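A.B. asks: There's a structure below that I have some questions on.
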Amino acid sequence: MPLFDRKDKSRYATFTRRTVMMGGGVGAVLAVLGGRLYQLQIVNGDEYMTRAEENRVSQRLLAPLRGRILDRFGTELANNRRNYRVLLIPEQASQGVEEALETIGRIILLSPHDRERILRDVGNNKKFVPTTVAENLTWDEFSRVNLHLPYLSGIVPDVGETRDYPYGDVLSHVLGYVAAVSEQDMQNDTDPVLSLPGFRVGKRGIEKAYDSAVRGTAGVDRVEVNAYGRVIRDLGRDPGTPGSDVYLTIDNDLQRFAAQRLGDESAACVVMDVTNGDVLALCSTPGFDPNLFNVGITQAQWHALTTDDHTPLINKAISGSYPPGSTFKPIVALAAVDAGVITPDFAVNCSGSLAFGNYVFHCWKHNGHGRVDLHRGIQQSCDVFFYEVSRRLGIDAMEFGAKKLGLGQLTHIELPGEQQGVIPGRAWKLAKFGTPWAQGETLNTGIGQGYVNATPLQLCTAVARIASGNAVVPRITRVVGKSAQPRPTLKRLEFADKSLQLVQSGMNAVTNEPGGTAFPWRITEPGFEMAGKTGTAQVHHISKEERESGGRSTTAYENKLPWKLREHALFVAYAPVSMPRYAASIILEHGSTPAHPHVQMVRDILLFAQKRQTAMLPTAYPANAADISTPMGVKL
Amino acid sequence: MNTRPYAAARATLSLGDKLLEINWGLVLLITVIASIGFAMLYSVAGGHLMPWSAPQIVRFIIGLGLLVMASLVDIRRWMNLAYPFYGVALLLLIATTIAGHVGLGAQRWIQLGPLQLQPSELMKISLVLALARYLHGLSVEDVSKPLRLAIPLAMIGVPAVLVLMEPNLGTAIILVADGCSLLFLAGLSWWWIAPVATSIAVAVPVGIHFIRTAHFLHDYQKRRVMTFLNPASDALGAGWNISQAEIAMGSGGFAGKGFEQGSQSRLNFLPEKETDFIFTTLGEEFGFVGTIGLLCLFAIIIGYGMRIAMQSRSQFGRLLAMGITLNFFFYIMINASMVMGLIPVVGIPMPLISYGGTAMLTVMFGFGLLMSVHVHRQVEIPRAAGGIF
């Protein structure tokens with residue numbers, strides 16, 4: 001048998017042929033693989049590069065340092081303090097998280113509630129993500145933690161920054177506060193920094209109005225992360241821009257004095273520089289501690305703030321709108337004299353009441369004032385005199401005059417939540433109630449009752465305008481960052497100087513001439529005298545029986561009424577009489593008593609401001625801010 | 001007839017002759033490719049020899065020794081050892097199925113003293129050896145005879161089913177591909193090839209459609225089958241892995257990110273970066289230049305293998321050389337297609353590059369057999385030496 005035959009040759013030929021075929025197949029497959037590589041790496045390379053970078057680089061936002069809020073003399077009213085915190089990194093806790101908490105719990109106080117939260121946070125995060133164990137520690141506690149650090153595996157002490165309001169509730173309504181970001185904030189604001197854990201935004205006051213300025217812009221920390229999110233290395237850091245400082249016109253010392261003077265009363269007080277509208281103090285009591293909202297307010301604290309009948313959360317100076325009562329009379333008087341409706345000699349005989357149509361309009365003085373001219377009318381706040389003046393003036397001229405003094409419209413002060421008050425008129429009433437104006441309502445309006453409403457800030461503005469003759473516009477910020485705040489140019493009011501002098505003289509008589517309604521509580525120190533006008537605002541309608549049983553001026557009667565039904569006490573003033581610089585207004589809710597505590601408060605506050613020379617002292621605004629001196633063309 | 005002298009004379013090649021006959025160029029090429037692997041393992045370990053690069057180097061050196069030793073053994077001895085090898089590999093495979101260790105959800109390796117063996121890897125070489133021996137005894141006409149054909153089909157089918165049951169779809173496919181290629185090269189009639197190839201081409205899509213719409217299967221059963229066939233359909237698991245692999249490969253661009261600069265692998269976005277997906281790391285760090293370069297090196301090896309096959313004077317040698325070469329090629333094809341998202345992920349390593357002991361040693365042993373065919377290319381073996389007995 002042949003070892004190698006034809007069959008062997010044929011199968012060798014077959015093998016060779018088919019091997020070449022397979023070689024072709026191999027080549028085709030390799031070509032396909034090469035084509036796929038070309039597609040992935042050359043054609044779509046850039047796109048995949050982008051996706052790889054997205055995988056690799058994680059951007060972490062760095063919270064910018066919030067700008068400070070300072071008073072006119074550079075006192076820090078809101079700043080940032082060091083927040084001493086303790087963090088826990090679970091993977092570094094060699095004895096486990098429970099044991100680590102047990103140990104740290106012997107050094108600083110940890111409630112079972114805290115423990116629960118920490119364990120929950122640890123469970124929700126990867127094991128290299130730090131969890132906050134405690135924050136806002138005292139230096140003592142923080143030192144103790146640091147001392148024991150060698151025995152605390154997984155515990156990391158850390159220093160952050162948090163908002164601080166060193167003067168607590170004194171400026172609560174001006175500054176507002178910062179608090180955790182709400183879902184609504186997220187919807188209205190697309191700044192990515194809001195999503196940072198623990199970030200705070202301004203919720204009220206200046207903190208809210210200037211939130212974007214004091215917030216600054218977030219920095220970015222670019223880090224390389226692995227597939228599990230762990231940071232591998234830093235790729236560079238943009239520190240961002242810290243927030244701008246905001247300088248207020250407020251004098252912190254005056255503000256504190258005013259707050260102290262108002263005490264626990266439900267009250268509001270505004271002090272203003274009549275030459276330029278700088279608000280020197282804007283006080284609403286009781287206040288609240290803005291730090292509570294930053295650190296985290298408890299349910300009980302929140303409940304106490306919201307249910308207090310003294311409404312500590314409301315800024316009564318701009319959001320409280322009250323009938324101005326007799327403080328409206330100088331305004332009516334000015335409108336009437338300037339319109340030529342009455343002359344300085346014009347007089348009315350007050351018998352205690354005035355019959356008009358089917359109604360009888362009463363004077364606060366049951367027995368009447370006798371013969372009353374403009375000077376006495378203001379000095380003794382005679383209602384009958386002003387009924388008669390209002391009747392002659394008419395509602396249209398009264399509305400026009402009051403609006404020239406800034407009432408019934410927003411002052412546009414840089415604080416959220418301002419009320420615009422009400423100066424009623426024919427068009428206003430038709431729009432509001434659908435009924436025409438009744439003439440009797442003019443009389444009621446003329447003594448600051450009825451529909452008329454004003455905020456303490458508006459009343460202060462009106463007084464500043466009467467005192468200076470200028471269209472003063474109140475402003476509470478002066479410099480933001482390095483630039484001066486724009487302010488409206490100061491225009492002369494369209495009132496004759498003579499008319500203004502007549503009203504000013506009447507207001508002077510209120511405090512400085514015997515028989516004036518505020519005479520007992522005047523400033524007696526020469527050169528510091530104030531002029532003013534008292535007022536009471538009815539909280540409920542006085543019935544015939546009440547009037548006959550003694551009337552509203554009876555102390556015994558007032559004291560028997562529940563607090564909520566007592567009348568509001570108001571006072572507006574300016575000082576010094578000789579050369580007006582400061583205007584002030586006050587409302588003491590349900591605080592009308594014969595001792596006139598509100599007049600005494602304003603007296604003390606105006607005296608304090610004058611002696612301190614609040615408006616004259618050099619301010620601490622940044623030197624390179626644009627000109628912020630007193631506007632030109634104003635006679636001081 | 002110009003018959004050559006009986007080849008026994010050539011069997012007396014001295015050891016020195018054999019060493020000189022070894023194709024050292026091919027050995028150098030293999031070493032170059034393996035070194036690329038060491039570099040990549042060094043890179044994915046973050047610039048360290050441990051834990052992957054150093055053991056891999058040790059295994060390669062052992063493998064090199066194995067290669068040289070295997071190439072010196074006479075090809076007729078390998079022919080005699082073919083069936084015992086196959087028998088041992090089959091027994092180990094059965095043992096693995098019964099008592100194997102579960103790794104990555106499949107029974108793939110068995111503990112033999114200090115050694116961890118993957119019998120499915122051994123089987124690839126053993127199957128090639130056994131089929132080459134069997135087919136050596138058949139003429140072209142014999143191959144297509146049903147009775148003759150039944151035996152090699154069983155030799156392919158039994159281990160393939162066992163491997164599939166582990167389950168290890170990738171290796172099962174390679175076994176079937178190896179076996180069918182050898183039948184094809186041995187001269188299987190087109191009358192067999194055409195209908196089978198056609199029916200497979202029709203049956204696969206029809207079968208998949210049938211499983212999808214079958215009423216007698218629960219939804220979870222269907223999903224299980226589909227996930228087995230295409231793991232990428234599991235978007236959060238394997239699907240995420242494959243998309244990360246594509247990102248890694250694509251982001252390499254033309255010239256790559258540079259050695260040790262592959263962010264996807266270094267930051268663990270890449271799955272199994274040291275084993276099945278090592279080619280992706282190469283693509284990421286050395287770009288299109290690196291991947292095409294490696295494919296070219298592979299192509300040269302395959303070319304060498306084919307040349308060795310065609311130069312052999314024995315059918316056993318030819319089939320063995322082609323079997324080894326194609327086995328090597330199938331590894332590359334399946335691994336590269338899989339990491340580039342062309343086919344489902346089936347768990348096949350990139351030969352010489354991926355980290356793994358058994359695979360490295362088997363591949364080197366395979367090259368040893370290839371080299372033995374080359375060294376003994378003039379040896380002629382009578383056809384009667386083939387067949388079953």
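Labels used: A, B, ... for chains in the order of the structure tokens, numbers from 1 for residues in each chain, and numbers from 1 for ligands as shown.
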Residues of chain B within 6 Å of chain A: nearest atom pair and distance (Å, one decimal) for each, counting only C-alpha atoms, sorted by chain and number, as a tab-separated table?

C.D. replies:
```
residue	atom	partner	partner_atom	distance
B:Val140	CA	A:Arg11	CA	5.6
B:Leu185	CA	A:Phe15	CA	5.2
B:Ile247	CA	A:Tyr48	CA	5.0
B:Gly250	CA	A:Gln41	CA	4.2
B:Ser251	CA	A:Met49	CA	4.0
B:Gly253	CA	A:Gln41	CA	4.4
B:Phe254	CA	A:Ile42	CA	5.9
B:Leu267	CA	A:Asn226	CA	4.2
B:Asn268	CA	A:Ala227	CA	5.4
B:Phe269	CA	A:Ala227	CA	4.9
B:Pro382	CA	A:Leu3	CA	5.5
```

A.B. asks: With C-alpha atoms retained, export the selected residues as a short mmCIF file (atom, residue, chain, number, x, y, z; two decimals), in the first residue's frame.

C.D. replies:
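Printed below is part-v7.cif as written:
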```cif
data_model
loop_
_atom_site.label_atom_id
_atom_site.label_comp_id
_atom_site.auth_asym_id
_atom_site.auth_seq_id
_atom_site.Cartn_x
_atom_site.Cartn_y
_atom_site.Cartn_z
CA VAL B 140 -11.20 14.49 1.09
CA LEU B 185 -9.93 22.80 5.78
CA ILE B 247 -16.18 56.01 25.58
CA GLY B 250 -13.28 56.53 21.35
CA SER B 251 -11.76 59.13 23.64
CA GLY B 253 -8.71 59.55 19.34
CA PHE B 254 -5.87 59.33 16.87
CA LEU B 267 -10.64 56.03 37.42
CA ASN B 268 -12.38 52.67 37.21
CA PHE B 269 -15.03 53.68 34.72
CA PRO B 382 1.34 8.08 6.69
#
```

A.B. asks: Excluding B:Gly323 and any residue of its chain fewer than 4 positions from it, enumerate the residues within 9 Å of it, using only C-alpha atoms, and give them as an MDAnalysis selection string.

C.D. replies: chainID B and resid 125 128:129 132 178:179 181:182 318:319 327:328

A.B. asks: Export, as a PDB file, in the first residue's frame, the selected residues with all heavy atoms.

C.D. replies:
```
ATOM      1  N   ILE B 125      -7.068  23.705  22.835  1.00  0.00           N
ATOM      2  CA  ILE B 125      -5.879  23.111  22.223  1.00  0.00           C
ATOM      3  C   ILE B 125      -6.103  21.620  21.965  1.00  0.00           C
ATOM      4  O   ILE B 125      -5.797  21.091  20.882  1.00  0.00           O
ATOM      5  CB  ILE B 125      -4.653  23.299  23.151  1.00  0.00           C
ATOM      6  CG1 ILE B 125      -4.401  24.787  23.380  1.00  0.00           C
ATOM      7  CG2 ILE B 125      -3.430  22.603  22.565  1.00  0.00           C
ATOM      8  CD1 ILE B 125      -3.896  25.534  22.188  1.00  0.00           C
ATOM      9  N   VAL B 128      -8.246  20.849  18.992  1.00  0.00           N
ATOM     10  CA  VAL B 128      -7.518  21.036  17.734  1.00  0.00           C
ATOM     11  C   VAL B 128      -6.597  19.836  17.479  1.00  0.00           C
ATOM     12  O   VAL B 128      -6.548  19.287  16.370  1.00  0.00           O
ATOM     13  CB  VAL B 128      -6.714  22.355  17.771  1.00  0.00           C
ATOM     14  CG1 VAL B 128      -5.755  22.439  16.584  1.00  0.00           C
ATOM     15  CG2 VAL B 128      -7.678  23.543  17.753  1.00  0.00           C
ATOM     16  N   LEU B 129      -5.860  19.418  18.538  1.00  0.00           N
ATOM     17  CA  LEU B 129      -4.965  18.264  18.412  1.00  0.00           C
ATOM     18  C   LEU B 129      -5.728  17.015  17.974  1.00  0.00           C
ATOM     19  O   LEU B 129      -5.366  16.336  17.009  1.00  0.00           O
ATOM     20  CB  LEU B 129      -4.287  17.983  19.758  1.00  0.00           C
ATOM     21  CG  LEU B 129      -2.968  18.707  20.063  1.00  0.00           C
ATOM     22  CD1 LEU B 129      -2.583  18.488  21.510  1.00  0.00           C
ATOM     23  CD2 LEU B 129      -1.874  18.220  19.120  1.00  0.00           C
ATOM     24  N   ALA B 132      -7.198  17.242  14.451  1.00  0.00           N
ATOM     25  CA  ALA B 132      -6.137  17.160  13.449  1.00  0.00           C
ATOM     26  C   ALA B 132      -5.706  15.710  13.267  1.00  0.00           C
ATOM     27  O   ALA B 132      -5.489  15.238  12.148  1.00  0.00           O
ATOM     28  CB  ALA B 132      -4.955  18.031  13.862  1.00  0.00           C
ATOM     29  N   ASP B 178     -13.491  26.590  15.961  1.00  0.00           N
ATOM     30  CA  ASP B 178     -12.258  25.843  15.709  1.00  0.00           C
ATOM     31  C   ASP B 178     -12.559  24.546  14.969  1.00  0.00           C
ATOM     32  O   ASP B 178     -11.950  24.234  13.933  1.00  0.00           O
ATOM     33  CB  ASP B 178     -11.566  25.481  17.044  1.00  0.00           C
ATOM     34  CG  ASP B 178     -10.826  26.675  17.638  1.00  0.00           C
ATOM     35  OD1 ASP B 178     -10.650  27.683  16.925  1.00  0.00           O
ATOM     36  OD2 ASP B 178     -10.443  26.588  18.821  1.00  0.00           O
ATOM     37  N   GLY B 179     -13.493  23.786  15.512  1.00  0.00           N
ATOM     38  CA  GLY B 179     -13.828  22.476  14.959  1.00  0.00           C
ATOM     39  C   GLY B 179     -14.327  22.565  13.536  1.00  0.00           C
ATOM     40  O   GLY B 179     -13.859  21.847  12.634  1.00  0.00           O
ATOM     41  N   SER B 181     -13.873  24.950  11.415  1.00  0.00           N
ATOM     42  CA  SER B 181     -12.808  25.405  10.516  1.00  0.00           C
ATOM     43  C   SER B 181     -11.950  24.228  10.069  1.00  0.00           C
ATOM     44  O   SER B 181     -11.585  24.127   8.890  1.00  0.00           O
ATOM     45  CB  SER B 181     -11.914  26.428  11.220  1.00  0.00           C
ATOM     46  OG  SER B 181     -12.682  27.479  11.707  1.00  0.00           O
ATOM     47  N   LEU B 182     -11.611  23.346  11.035  1.00  0.00           N
ATOM     48  CA  LEU B 182     -10.772  22.201  10.677  1.00  0.00           C
ATOM     49  C   LEU B 182     -11.504  21.280   9.707  1.00  0.00           C
ATOM     50  O   LEU B 182     -10.906  20.782   8.743  1.00  0.00           O
ATOM     51  CB  LEU B 182     -10.338  21.453  11.930  1.00  0.00           C
ATOM     52  CG  LEU B 182      -9.310  22.198  12.800  1.00  0.00           C
ATOM     53  CD1 LEU B 182      -8.830  21.339  13.946  1.00  0.00           C
ATOM     54  CD2 LEU B 182      -8.121  22.663  11.952  1.00  0.00           C
ATOM     55  N   ARG B 318      -0.493  20.429   9.098  1.00  0.00           N
ATOM     56  CA  ARG B 318      -1.232  21.543   8.491  1.00  0.00           C
ATOM     57  C   ARG B 318      -2.464  21.901   9.309  1.00  0.00           C
ATOM     58  O   ARG B 318      -2.696  23.061   9.632  1.00  0.00           O
ATOM     59  CB  ARG B 318      -1.697  21.147   7.079  1.00  0.00           C
ATOM     60  CG  ARG B 318      -0.595  20.978   6.061  1.00  0.00           C
ATOM     61  CD  ARG B 318      -1.189  20.443   4.772  1.00  0.00           C
ATOM     62  NE  ARG B 318      -0.199  19.679   4.026  1.00  0.00           N
ATOM     63  CZ  ARG B 318      -0.483  18.565   3.325  1.00  0.00           C
ATOM     64  NH1 ARG B 318      -1.708  18.094   3.279  1.00  0.00           N
ATOM     65  NH2 ARG B 318       0.468  17.958   2.687  1.00  0.00           N
ATOM     66  N   LEU B 319      -3.233  20.854   9.637  1.00  0.00           N
ATOM     67  CA  LEU B 319      -4.475  21.119  10.377  1.00  0.00           C
ATOM     68  C   LEU B 319      -4.176  21.663  11.762  1.00  0.00           C
ATOM     69  O   LEU B 319      -4.845  22.578  12.251  1.00  0.00           O
ATOM     70  CB  LEU B 319      -5.311  19.837  10.472  1.00  0.00           C
ATOM     71  CG  LEU B 319      -5.931  19.377   9.155  1.00  0.00           C
ATOM     72  CD1 LEU B 319      -6.625  18.028   9.340  1.00  0.00           C
ATOM     73  CD2 LEU B 319      -6.921  20.408   8.641  1.00  0.00           C
ATOM     74  N   ASN B 327      -7.621  29.548  16.147  1.00  0.00           N
ATOM     75  CA  ASN B 327      -8.046  29.689  17.545  1.00  0.00           C
ATOM     76  C   ASN B 327      -7.574  31.037  18.083  1.00  0.00           C
ATOM     77  O   ASN B 327      -8.322  31.796  18.699  1.00  0.00           O
ATOM     78  CB  ASN B 327      -7.467  28.535  18.370  1.00  0.00           C
ATOM     79  CG  ASN B 327      -7.884  28.611  19.830  1.00  0.00           C
ATOM     80  OD1 ASN B 327      -9.050  28.813  20.115  1.00  0.00           O
ATOM     81  ND2 ASN B 327      -6.923  28.462  20.726  1.00  0.00           N
ATOM     82  N   PHE B 328      -6.308  31.348  17.790  1.00  0.00           N
ATOM     83  CA  PHE B 328      -5.725  32.627  18.174  1.00  0.00           C
ATOM     84  C   PHE B 328      -6.517  33.776  17.565  1.00  0.00           C
ATOM     85  O   PHE B 328      -6.874  34.749  18.238  1.00  0.00           O
ATOM     86  CB  PHE B 328      -4.270  32.637  17.692  1.00  0.00           C
ATOM     87  CG  PHE B 328      -3.485  33.850  18.076  1.00  0.00           C
ATOM     88  CD1 PHE B 328      -3.143  34.087  19.408  1.00  0.00           C
ATOM     89  CD2 PHE B 328      -3.066  34.759  17.110  1.00  0.00           C
ATOM     90  CE1 PHE B 328      -2.397  35.198  19.762  1.00  0.00           C
ATOM     91  CE2 PHE B 328      -2.324  35.877  17.466  1.00  0.00           C
ATOM     92  CZ  PHE B 328      -1.990  36.094  18.787  1.00  0.00           C
TER      93      PHE B 328
END
```

A.B. asks: Might you pull out every residue within 9 Å of B:His136, with only C-alpha atoms counted and same-chain residues fewer than 5 positions away left off, and present them as a list of chain:residue names?

C.D. replies: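 The contact residues come out as B:Leu131, B:Ala186, B:Ser314, B:Gln315, B:Phe316, B:Gly317, B:Leu319, B:Ile381, B:Pro382, B:Arg383, B:Ala384, B:Ala385, B:Gly386, B:Gly387.
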
A.B. asks: Report the distance between atom CA of A:Ala467 and atom CA of A:Asp345 in Å, rounded to one decimal place.

C.D. replies: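 Computing the Euclidean distance for atom CA of A:Ala467 and atom CA of A:Asp345 yields 22.2 Å.
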
A.B. asks: Could you check which of A:Pro64, A:Gly96, A:Gly394, A:Gly176 is closest to A:Gly240, using only C-alpha atoms?

C.D. replies: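 Residue with the minimum atom-to-atom distance to A:Gly240: A:Pro64.
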
A.B. asks: With only C-alpha atoms as the counted atoms, please give the residues lying no more than 12 Å from A:Leu149, apart from itself and same-chain residues fewer than 3 positions off, as an MDAnalysis selection string.

C.D. replies: chainID A and resid 86:88 100 103:104 107 142:146 152:157

A.B. asks: For those residues, write all heavy atoms to a file as a short mmCIF file (atom, residue, chain, number, x, y, z; two decimals), in the first residue's frame.

C.D. replies:
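Result file part-v8.cif:
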```cif
data_model
loop_
_atom_site.label_atom_id
_atom_site.label_comp_id
_atom_site.auth_asym_id
_atom_site.auth_seq_id
_atom_site.Cartn_x
_atom_site.Cartn_y
_atom_site.Cartn_z
N VAL A 86 -17.87 69.71 63.44
CA VAL A 86 -17.22 68.40 63.53
C VAL A 86 -17.84 67.52 62.46
O VAL A 86 -19.06 67.41 62.38
CB VAL A 86 -17.40 67.78 64.92
CG1 VAL A 86 -16.92 66.34 64.91
CG2 VAL A 86 -16.65 68.58 65.96
N LEU A 87 -16.98 66.95 61.60
CA LEU A 87 -17.47 66.09 60.54
C LEU A 87 -17.04 64.65 60.81
O LEU A 87 -16.09 64.41 61.55
CB LEU A 87 -16.91 66.53 59.18
CG LEU A 87 -17.09 68.00 58.82
CD1 LEU A 87 -16.41 68.32 57.51
CD2 LEU A 87 -18.56 68.35 58.73
N LEU A 88 -17.77 63.74 60.21
CA LEU A 88 -17.43 62.32 60.36
C LEU A 88 -17.26 61.72 58.97
O LEU A 88 -18.14 61.85 58.12
CB LEU A 88 -18.56 61.59 61.11
CG LEU A 88 -18.46 60.07 61.16
CD1 LEU A 88 -17.34 59.63 62.09
CD2 LEU A 88 -19.76 59.45 61.61
N ALA A 100 -17.69 55.52 66.88
CA ALA A 100 -17.16 56.88 66.73
C ALA A 100 -18.11 57.90 67.36
O ALA A 100 -17.70 58.82 68.06
CB ALA A 100 -16.93 57.20 65.26
N THR A 103 -17.97 57.76 71.14
CA THR A 103 -16.80 58.44 71.69
C THR A 103 -16.96 59.96 71.63
O THR A 103 -16.72 60.65 72.63
CB THR A 103 -15.53 58.04 70.90
OG1 THR A 103 -15.63 56.66 70.58
CG2 THR A 103 -14.29 58.29 71.71
N ILE A 104 -17.38 60.47 70.50
CA ILE A 104 -17.51 61.93 70.37
C ILE A 104 -18.62 62.44 71.28
O ILE A 104 -18.58 63.55 71.79
CB ILE A 104 -17.74 62.34 68.89
CG1 ILE A 104 -17.65 63.87 68.71
CG2 ILE A 104 -19.05 61.88 68.36
CD1 ILE A 104 -16.27 64.37 68.53
N ILE A 107 -17.62 63.82 74.46
CA ILE A 107 -16.87 65.08 74.44
C ILE A 107 -17.80 66.27 74.19
O ILE A 107 -17.70 67.31 74.82
CB ILE A 107 -15.77 65.01 73.38
CG1 ILE A 107 -14.78 63.89 73.74
CG2 ILE A 107 -15.02 66.34 73.28
CD1 ILE A 107 -13.90 63.47 72.61
N PHE A 142 -14.92 72.99 70.74
CA PHE A 142 -14.08 72.70 69.58
C PHE A 142 -12.66 72.34 70.01
O PHE A 142 -12.04 71.43 69.48
CB PHE A 142 -14.06 73.93 68.65
CG PHE A 142 -13.50 73.65 67.29
CD1 PHE A 142 -14.13 72.74 66.44
CD2 PHE A 142 -12.36 74.28 66.85
CE1 PHE A 142 -13.63 72.49 65.18
CE2 PHE A 142 -11.84 74.03 65.59
CZ PHE A 142 -12.48 73.13 64.76
N SER A 143 -12.17 73.05 71.02
CA SER A 143 -10.84 72.76 71.54
C SER A 143 -10.79 71.36 72.14
O SER A 143 -9.83 70.62 71.96
CB SER A 143 -10.46 73.77 72.62
OG SER A 143 -10.65 75.06 72.15
N ARG A 144 -11.85 71.03 72.88
CA ARG A 144 -11.90 69.69 73.49
C ARG A 144 -11.84 68.60 72.42
O ARG A 144 -11.12 67.61 72.57
CB ARG A 144 -13.18 69.53 74.31
CG ARG A 144 -13.08 70.04 75.73
CD ARG A 144 -14.03 69.28 76.67
NE ARG A 144 -15.42 69.36 76.25
CZ ARG A 144 -16.22 70.41 76.53
NH1 ARG A 144 -15.75 71.45 77.19
NH2 ARG A 144 -17.46 70.41 76.15
N VAL A 145 -12.59 68.81 71.33
CA VAL A 145 -12.57 67.82 70.25
C VAL A 145 -11.16 67.69 69.68
O VAL A 145 -10.66 66.60 69.49
CB VAL A 145 -13.57 68.21 69.12
CG1 VAL A 145 -13.41 67.32 67.92
CG2 VAL A 145 -14.99 68.16 69.64
N ASN A 146 -10.52 68.83 69.45
CA ASN A 146 -9.17 68.81 68.89
C ASN A 146 -8.17 68.13 69.82
O ASN A 146 -7.26 67.45 69.38
CB ASN A 146 -8.71 70.23 68.56
CG ASN A 146 -9.28 70.69 67.24
OD1 ASN A 146 -8.87 70.25 66.18
ND2 ASN A 146 -10.27 71.56 67.30
N LEU A 152 -10.01 59.85 68.22
CA LEU A 152 -11.30 59.93 67.51
C LEU A 152 -11.08 59.59 66.04
O LEU A 152 -10.88 60.47 65.22
CB LEU A 152 -11.86 61.35 67.63
CG LEU A 152 -12.22 61.81 69.04
CD1 LEU A 152 -12.49 63.31 69.05
CD2 LEU A 152 -13.43 61.06 69.55
N SER A 153 -11.10 58.31 65.72
CA SER A 153 -10.87 57.95 64.32
C SER A 153 -12.12 58.26 63.52
O SER A 153 -13.24 57.99 63.94
CB SER A 153 -10.52 56.47 64.21
OG SER A 153 -11.61 55.69 64.56
N GLY A 154 -11.92 58.88 62.36
CA GLY A 154 -13.04 59.22 61.49
C GLY A 154 -13.62 60.60 61.75
O GLY A 154 -14.41 61.10 60.97
N ILE A 155 -13.21 61.22 62.87
CA ILE A 155 -13.75 62.55 63.21
C ILE A 155 -12.80 63.61 62.66
O ILE A 155 -11.60 63.55 62.83
CB ILE A 155 -13.88 62.70 64.74
CG1 ILE A 155 -14.90 61.69 65.27
CG2 ILE A 155 -14.25 64.12 65.12
CD1 ILE A 155 -16.32 62.00 64.92
N VAL A 156 -13.40 64.60 61.95
CA VAL A 156 -12.60 65.67 61.37
C VAL A 156 -13.14 67.00 61.84
O VAL A 156 -14.29 67.32 61.58
CB VAL A 156 -12.66 65.61 59.82
CG1 VAL A 156 -11.83 66.72 59.22
CG2 VAL A 156 -12.20 64.27 59.31
N PRO A 157 -12.34 67.80 62.54
CA PRO A 157 -12.79 69.15 62.90
C PRO A 157 -12.69 70.05 61.68
O PRO A 157 -11.78 69.88 60.87
CB PRO A 157 -11.81 69.59 63.99
CG PRO A 157 -10.70 68.62 63.97
CD PRO A 157 -10.98 67.51 63.00
#
```
